[in-house]
Amino acid sequence: MLSFLIAEIPRLFTIYNVILLLKAALTTLSLSAVGCVIGLFFGFLLSIARLSHRPIFWPLKALALIYVEILRRVPFLITLMIFFFGAQVLGFNISALAIAFISTSVISTAFVAEIVRAGLRAVKPSQMEAAAVMNFSAWHSFWHVRLPQAWPLILPPVFGYFVLFIKDTALASQVGVLELTQAGKILNTKGFSASLVYGAVLILYFIISYPLARFGAYLERRLGASRHSRPRRAI
Amino acid sequence: MAHLDIRGLVARYNNATVLDGIDLSIERGEIVSLIGPSGSGKSTLLRVISGLLPPREGTVSLAGETINYADRRSLRRSRDKLAIVFQQYNLFGNMNVLRNVMVAPVTIQKRDKKTVEAEARALLDKVGLGDKLTSYPDELSGGQQQRVAIARALCLKPDILLLDEVTSALDPERVGEVLDTVKMLAADNMTLLIVSHEMGFVREVSHRVAFMADGKIQEMGPPAQIFGAPQQPRTQAFVSRILGH
């Protein structure tokens, strides 16, 4: 069996197949990167809206709450399908890849928003009171006190989520996006051994997610273990 | 004109009345201490004055200007004039000692950074922490943190300083160093409103002492009266119990 697999390696890794796998890996990487960046950006905005006490933000706060509570509870595949078929029903001519980008960003935003909110809320209220009596504005309190103390709580789970999220992008294959899992399926249906094909796919997923996991661990060491904050509770 | 004038102040946590008609007038440079059993409303009074808990009724006037706690600008103006030192220090955990002292004067009051730094260094020297400028709060003892908190409050150049049980979170060995710092302030003729359970200290530094119970000032007078010849039965019971220990 092993000798059979070894003999198949040169047949599998032809230039055409390697380019197919690399293109698919690039798509997985793009889906992950866009999802992470947009999720982080809008996740922050949503969490700030949810933490605001000003009446002017109440409608936004309610929308943010509904958004986060619903989308965190819906499987990614369902969200993907809703966007995919919803776009068709509404007559939008959007590519499957664009649908996958939108879906990953929408889901990532909901999860990151909740992690960020929990991190920001974990900063002791007494720290904010100290800032308030010294006439810090809401922005100054956020920028100088809350955010620096919340970072060590926010970043490790966010990066943990991102690593899981990279794996979730495999579901984009269900709407025909040529990402890594889909590339594996294609090569497998061409007659290559499933063990060999999915072994190669596994290695590529690892190559994409491992640096992110290491970067998260690095930030955790630098920030999480830092003595420069005293969170009230972990997330 | 009284420096701090409080009239008919009522405050509630949810539906529980914690301050029930406080009247208190403090002259410029006067040192008034609030004593009383736990839950009597002493710390709440400081929280209300500093705007952390809005009053339900009554007025607070600082140097003749009545504070409108519902108006941000009025609250900001009042907070420009006073500073509070919290029982639990509340130093910013993400900043070192020097930055803790400098951040508000530089960032909020927009004062010249070099001047503020010189003042902060001098204040920290004064409270005996000139060698801890780059330390973070969790590297300091409770007494050292409390002295940083006092230096931070003073660097704001307040007209009135509110001290909320500044020694209660400290072990007995650290109490002395903080009390010595407060005595220095008293000598500088600053208006101080002190909440304390350190009766010896209260008797030594205060011009007047107010005994609080059930959200009211039950009795107020010079330390000699409150500790030597209290008029009200509740004050007598409290003082005899405290001094008896």
# chains A, B, ... in the order shown; residues from 1 in each chain; ligands from 1
call {"tool": "residues_around", "arguments": {"residues": "range 112-117 of chain A", "least_positions_apart": "4", "cutoff": "12 Å", "atoms": "only C-alpha atoms", "output": "VMD selection string"}}
result
chain A and resid 35 to 52 61 64 to 72 104 to 108 121 to 123 146 to 147 149 to 162 165 234 to 235
call {"tool": "interface_residues", "arguments": {"of": "chain B", "to": "chain A", "cutoff": "6 Å", "atoms": "only C-alpha atoms", "output": "PyMOL selection string"}}
result
chain B and resi 90+93-94
call {"tool": "residues_around", "arguments": {"residues": "range 144-158 of chain B", "least_positions_apart": "3", "cutoff": "8 Å", "atoms": "only C-alpha atoms", "output": "NGL selection string"}}
result
:B and (80-86 or 88-91 or 97 or 100-102 or 104-105 or 116 or 119-120 or 123-124 or 127 or 129 or 137 or 140-141 or 161 or 166 or 178 or 181)
call {"tool": "atom_distance", "arguments": {"atom1": "CA of Ile82 in chain A", "atom2": "CA of Ser103 in chain A"}}
result
9.1 Å
call {"tool": "closest_residue", "arguments": {"among": "A:Leu12, A:Leu171, A:Leu29, A:Ala100", "to": "Phe206 in chain A", "atoms": "only C-alpha atoms"}}
result
A:Leu29
